[in-house]
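Structure record follows, encoded as C-alpha coordinates.
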Amino acid sequence: NAGVTQTPKFQVLKTGQSMTLQCAQDMNHEYMSWYRQDPGMGLRLIHYSVGAGITDQGEVPNGYNVSRSTTEDFPLRLLSAAPSQTSVYFCASSYPTSGRSISEQFFGPGTRLTVL
Amino acid sequence: GQSLEQPSEVTAVEGAIVQINCTYQTSGFNGLFWYQQHAGEAPTFLSYNVLDGLEEKGRFSSFLSRSKGYSYLLLKELQMKDSASYLCAVKGDYKLSFGAGTTVTVRA
(Lines give C-alpha, C1' and ligand atoms only; values in the text may rest on other atoms or scores of the structure.)
Protein backbone atom coordinates (compact mmCIF):
# COMPACT_ATOMS: atom_id res chain seq x y z
CA ASN A 1 0.00 0.00 0.00
CA ALA A 2 1.24 3.49 -0.86
CA GLY A 3 -0.82 4.99 2.00
CA VAL A 4 -1.58 8.70 1.51
CA THR A 5 0.14 10.39 -1.42
CA GLN A 6 0.29 14.08 -2.25
CA THR A 7 1.46 15.96 -5.33
CA PRO A 8 3.28 18.17 -5.91
CA LYS A 9 5.88 18.17 -3.10
CA PHE A 10 6.82 21.80 -3.75
CA GLN A 11 5.04 24.60 -5.61
CA VAL A 12 5.65 28.31 -6.18
CA LEU A 13 2.73 30.44 -7.35
CA LYS A 14 2.22 34.08 -8.16
CA THR A 15 -0.54 36.03 -6.46
CA GLY A 16 -3.84 35.45 -8.24
CA GLN A 17 -2.91 32.12 -9.81
CA SER A 18 -5.04 29.06 -9.17
CA MET A 19 -3.93 25.47 -8.67
CA THR A 20 -5.01 22.11 -7.33
CA LEU A 21 -3.16 20.11 -4.70
CA GLN A 22 -3.72 16.40 -5.22
CA CYS A 23 -4.31 13.82 -2.47
CA ALA A 24 -5.01 10.13 -2.86
CA GLN A 25 -5.22 7.17 -0.48
CA ASP A 26 -5.40 3.44 -1.17
CA MET A 27 -6.58 2.28 2.26
CA ASN A 28 -10.33 2.59 1.49
CA HIS A 29 -10.68 5.23 4.21
CA GLU A 30 -13.98 7.07 4.23
CA TYR A 31 -12.70 10.12 6.11
CA MET A 32 -10.24 12.53 4.46
CA SER A 33 -9.10 15.98 5.48
CA TRP A 34 -6.81 18.87 4.55
CA TYR A 35 -4.69 20.83 7.03
CA ARG A 36 -2.31 23.72 6.74
CA GLN A 37 0.66 24.07 9.06
CA ASP A 38 2.25 27.42 9.80
CA PRO A 39 5.12 28.12 12.23
CA GLY A 40 3.91 28.41 15.81
CA MET A 41 0.29 27.64 14.91
CA GLY A 42 0.09 23.89 14.64
CA LEU A 43 -2.16 22.13 12.16
CA ARG A 44 -5.39 23.86 11.21
CA LEU A 45 -8.26 22.05 9.49
CA ILE A 46 -9.27 23.51 6.11
CA HIS A 47 -11.92 21.07 4.80
CA TYR A 48 -12.88 17.49 5.45
CA SER A 49 -14.98 14.75 3.89
CA VAL A 50 -16.76 11.81 5.50
CA GLY A 51 -17.31 9.98 2.23
CA ALA A 52 -17.66 10.37 -1.53
CA GLY A 53 -19.94 13.29 -2.34
CA ILE A 54 -19.84 14.73 1.19
CA THR A 55 -17.59 17.61 2.23
CA ASP A 56 -17.66 20.21 4.99
CA GLN A 57 -15.68 23.21 6.18
CA GLY A 58 -13.05 23.17 8.86
CA GLU A 59 -11.49 25.99 10.82
CA VAL A 60 -9.92 27.97 7.92
CA PRO A 61 -11.86 27.24 4.68
CA ASN A 62 -11.76 30.67 3.01
CA GLY A 63 -9.93 30.70 -0.32
CA TYR A 64 -10.07 26.92 -0.73
CA ASN A 65 -12.48 24.51 -2.43
CA VAL A 66 -12.70 20.73 -2.24
CA SER A 67 -14.66 17.95 -3.88
CA ARG A 68 -14.85 14.20 -3.27
CA SER A 69 -16.02 12.31 -6.33
CA THR A 70 -14.34 9.02 -5.31
CA THR A 71 -13.31 7.39 -2.04
CA GLU A 72 -9.64 7.54 -3.07
CA ASP A 73 -9.18 11.19 -4.11
CA PHE A 74 -9.64 14.49 -2.27
CA PRO A 75 -8.15 17.44 -4.21
CA LEU A 76 -7.77 20.90 -2.68
CA ARG A 77 -8.22 23.88 -5.00
CA LEU A 78 -6.79 27.33 -4.42
CA LEU A 79 -9.02 29.69 -6.35
CA SER A 80 -6.84 32.83 -6.40
CA ALA A 81 -3.60 32.37 -4.48
CA ALA A 82 -2.57 34.96 -1.92
CA PRO A 83 0.72 35.33 0.03
CA SER A 84 -1.22 34.43 3.21
CA GLN A 85 -1.69 30.96 1.76
CA THR A 86 2.05 30.27 1.86
CA SER A 87 2.18 27.20 4.08
CA VAL A 88 2.74 23.46 4.28
CA TYR A 89 -0.38 21.53 3.36
CA PHE A 90 -1.08 18.04 4.69
CA CYS A 91 -3.76 15.64 3.58
CA ALA A 92 -4.88 12.92 6.01
CA SER A 93 -7.26 9.97 6.01
CA SER A 94 -8.80 7.62 8.54
CA TYR A 95 -11.59 5.18 9.20
CA PRO A 96 -14.63 6.75 10.76
CA THR A 97 -15.71 5.18 14.03
CA SER A 98 -19.17 4.95 15.49
CA GLY A 99 -21.22 8.09 15.76
CA ARG A 100 -19.49 11.24 14.59
CA SER A 101 -16.00 10.26 15.65
CA ILE A 102 -12.84 9.50 13.68
CA SER A 103 -9.94 7.22 14.37
CA GLU A 104 -6.16 7.66 14.04
CA GLN A 105 -5.30 9.76 11.00
CA PHE A 106 -2.64 8.84 8.45
CA PHE A 107 -0.91 11.84 6.95
CA GLY A 108 0.56 12.36 3.49
CA PRO A 109 4.10 13.76 3.07
CA GLY A 110 2.89 17.34 2.55
CA THR A 111 3.03 20.02 -0.14
CA ARG A 112 5.19 23.08 0.51
CA LEU A 113 3.51 26.04 -1.19
CA THR A 114 4.97 29.52 -1.61
CA VAL A 115 2.85 32.36 -3.00
CA LEU A 116 4.81 35.36 -4.22
CA GLY B 1 -14.69 25.76 20.01
CA GLN B 2 -11.46 24.15 21.10
CA SER B 3 -8.26 25.58 22.57
CA LEU B 4 -5.14 23.62 23.43
CA GLU B 5 -1.95 24.72 25.14
CA GLN B 6 1.45 23.06 25.10
CA PRO B 7 4.90 24.34 26.06
CA SER B 8 6.80 25.46 22.98
CA GLU B 9 10.15 23.81 23.74
CA VAL B 10 11.74 21.22 26.00
CA THR B 11 15.42 20.21 26.09
CA ALA B 12 16.76 17.08 27.79
CA VAL B 13 19.78 14.77 27.70
CA GLU B 14 19.94 11.30 26.23
CA GLY B 15 18.58 8.68 28.61
CA ALA B 16 16.45 11.15 30.57
CA ILE B 17 12.66 11.26 30.99
CA VAL B 18 10.61 14.11 29.53
CA GLN B 19 6.98 15.01 30.23
CA ILE B 20 5.05 17.15 27.74
CA ASN B 21 1.83 18.66 29.05
CA CYS B 22 -1.29 19.53 27.08
CA THR B 23 -4.21 21.42 28.57
CA TYR B 24 -7.40 21.82 26.62
CA GLN B 25 -10.80 23.48 26.68
CA THR B 26 -13.42 22.00 24.43
CA SER B 27 -17.14 22.11 23.78
CA GLY B 28 -17.22 18.42 22.91
CA PHE B 29 -14.62 15.77 23.75
CA ASN B 30 -14.30 12.41 22.02
CA GLY B 31 -10.68 11.61 22.82
CA LEU B 32 -7.13 12.97 22.66
CA PHE B 33 -4.31 12.02 20.28
CA TRP B 34 -0.56 12.50 20.47
CA TYR B 35 1.44 12.73 17.23
CA GLN B 36 5.18 12.93 16.59
CA GLN B 37 6.51 15.10 13.77
CA HIS B 38 10.15 15.14 12.72
CA ALA B 39 11.36 18.30 10.97
CA GLY B 40 10.21 18.41 7.36
CA GLU B 41 8.07 15.29 7.69
CA ALA B 42 4.43 14.38 8.22
CA PRO B 43 2.95 13.76 11.69
CA THR B 44 2.78 10.12 12.78
CA PHE B 45 0.44 8.64 15.37
CA LEU B 46 1.82 7.92 18.84
CA SER B 47 -1.09 7.36 21.21
CA TYR B 48 -4.79 7.82 21.88
CA ASN B 49 -6.67 8.33 25.14
CA VAL B 50 -10.42 8.46 25.54
CA LEU B 51 -10.78 7.35 29.17
CA ASP B 52 -8.97 8.71 32.23
CA GLY B 53 -5.69 7.08 33.10
CA LEU B 54 -2.36 6.03 31.69
CA GLU B 55 -1.76 4.25 28.37
CA GLU B 56 1.70 2.74 27.99
CA LYS B 57 3.40 1.87 24.69
CA GLY B 58 7.03 0.92 25.10
CA ARG B 59 9.07 4.05 25.93
CA PHE B 60 6.05 6.30 25.44
CA SER B 61 3.12 6.74 27.83
CA SER B 62 0.17 9.08 27.67
CA PHE B 63 -2.11 10.18 30.50
CA LEU B 64 -5.55 11.78 30.42
CA SER B 65 -7.71 13.52 33.04
CA ARG B 66 -10.99 14.59 31.46
CA SER B 67 -12.21 16.43 34.55
CA LYS B 68 -9.06 18.61 34.53
CA GLY B 69 -8.83 19.01 30.74
CA TYR B 70 -5.27 17.75 30.94
CA SER B 71 -3.05 15.22 29.24
CA TYR B 72 0.65 14.50 29.21
CA LEU B 73 3.02 12.49 27.06
CA LEU B 74 5.90 10.82 28.85
CA LEU B 75 9.03 9.92 26.91
CA LYS B 76 11.38 7.57 28.77
CA GLU B 77 15.01 6.62 28.02
CA LEU B 78 15.33 9.48 25.58
CA GLN B 79 17.21 8.81 22.37
CA MET B 80 18.59 11.25 19.82
CA LYS B 81 15.94 10.11 17.34
CA ASP B 82 13.25 11.40 19.72
CA SER B 83 14.22 14.98 18.78
CA ALA B 84 10.98 16.10 17.12
CA SER B 85 7.83 18.11 17.61
CA TYR B 86 5.02 16.50 19.64
CA LEU B 87 1.45 17.53 18.92
CA CYS B 88 -1.61 16.94 21.03
CA ALA B 89 -4.99 16.95 19.31
CA VAL B 90 -8.51 16.85 20.70
CA LYS B 91 -11.17 14.96 18.82
CA GLY B 92 -14.60 16.53 18.34
CA ASP B 93 -17.38 15.74 15.88
CA TYR B 94 -15.48 14.68 12.73
CA LYS B 95 -12.73 17.17 13.51
CA LEU B 96 -9.33 17.21 15.14
CA SER B 97 -8.07 20.40 16.81
CA PHE B 98 -4.29 20.50 17.26
CA GLY B 99 -2.07 22.27 19.72
CA ALA B 100 0.87 24.30 18.38
CA GLY B 101 3.28 21.49 19.28
CA THR B 102 6.21 21.07 21.67
CA THR B 103 9.71 20.84 20.18
CA VAL B 104 11.83 18.33 22.08
CA THR B 105 15.59 18.60 21.65
CA VAL B 106 17.69 15.71 22.92
CA ARG B 107 21.33 16.52 23.77
CA ALA B 108 24.12 14.00 23.99
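Labels used: A, B, ... for chains in the order of the C-alpha coordinates, numbers from 1 for residues in each chain, and numbers from 1 for ligands as shown.
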
**OP:** For Tyr72 in chain B, list every protein, DNA or RNA residue within 10 Å, evaluated using only C-alpha atoms, and leave out those in the same chain fewer than 3 positions away; present the list as a list in words.
**Re:**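 Listed by chain and then number, they are Gln6, Val18, Gln19, Ile20, Asn21, Cys22, Thr23, Trp34, Leu54, Ser61, Ser62, Phe63, Leu64, Ser65, Leu75 and Cys88 of chain B.
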
Original post:
Near Ser80 in chain A, within 8 Å and counting only C-alpha atoms, which residues show up once chain neighbours fewer than 6 positions away are dropped, as a list in words?
Top reply: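 With the cut-off at 8 Å, the set is Thr15, Gly16, Gln17, Ser18 and Gly63 of chain A.
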
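For chain B, the residues having at least one atom no farther than 9 Å from chain A, when counting only C-alpha atoms, are Ser8, Asn30, Phe33, Gly40, Glu41, Ala42, Pro43, Thr44, Phe45, Ser47, Tyr48, Leu87, Lys91, Gly92, Asp93, Tyr94, Lys95, Leu96, Ser97, Phe98, Gly99, Ala100 and Gly101 of chain B.
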
Subject >> Residues flagged strand (DSSP E or B) by DSSP in chain A, as a ChimeraX atom specification >> reply: /A:4-7,10-13,19-25,31-38,42-51,54-57,64-66,73,76-78,87-94,96,102,106-107,111-115

Subject >> Distance criterion (only C-alpha atoms): nearest to Pro7 in chain B out of B:Tyr86, B:Arg107, B:Ala39, B:Gln79 >> reply: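 Closest candidate: B:Tyr86.
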
**OP:** Measuring atom to atom with only C-alpha atoms, identify which of A:Ala81, A:Val60, A:Ala52, A:Met32 is nearest to Thr20 in chain A.
**Re:**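 Ranked by minimum distance to Thr20 in chain A, first place goes to A:Ala81.
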
**OP:** Grab the CA of Leu79 in chain A to CA of Glu30 in chain A distance for me, in Å with one decimal place.
**Re:**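 Distance reported for this atom pair: 25.5 Å.
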
Quick one: residues within 7 Å of Val104 in chain B, only C-alpha atoms counted, chain neighbours fewer than 4 positions away excluded, as a PDB file with N, CA and C atoms, in the first residue's frame?
ATOM      1  N   GLU B   9       8.886  24.536  23.867  1.00  0.00           N
ATOM      2  CA  GLU B   9      10.154  23.808  23.738  1.00  0.00           C
ATOM      3  C   GLU B   9      10.513  23.095  25.023  1.00  0.00           C
ATOM      4  N   VAL B  10      11.177  21.961  24.869  1.00  0.00           N
ATOM      5  CA  VAL B  10      11.744  21.224  26.000  1.00  0.00           C
ATOM      6  C   VAL B  10      13.098  20.677  25.545  1.00  0.00           C
ATOM      7  N   THR B  11      14.100  20.776  26.393  1.00  0.00           N
ATOM      8  CA  THR B  11      15.422  20.213  26.093  1.00  0.00           C
ATOM      9  C   THR B  11      15.795  19.230  27.188  1.00  0.00           C
ATOM     10  N   SER B  83      14.245  13.539  19.074  1.00  0.00           N
ATOM     11  CA  SER B  83      14.219  14.982  18.781  1.00  0.00           C
ATOM     12  C   SER B  83      13.190  15.229  17.689  1.00  0.00           C
ATOM     13  N   ALA B  84      12.115  15.923  18.038  1.00  0.00           N
ATOM     14  CA  ALA B  84      10.984  16.105  17.123  1.00  0.00           C
ATOM     15  C   ALA B  84       9.997  17.055  17.777  1.00  0.00           C
ATOM     16  N   SER B  85       8.940  17.363  17.046  1.00  0.00           N
ATOM     17  CA  SER B  85       7.830  18.112  17.609  1.00  0.00           C
ATOM     18  C   SER B  85       6.732  17.123  18.000  1.00  0.00           C
TER      19      SER B  85
END

Original post:
What does the distance from CA of Phe60 in chain B to CA of Leu74 in chain B come to in Å, to one decimal?
Top reply: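 Distance between the two atoms: 5.7 Å.
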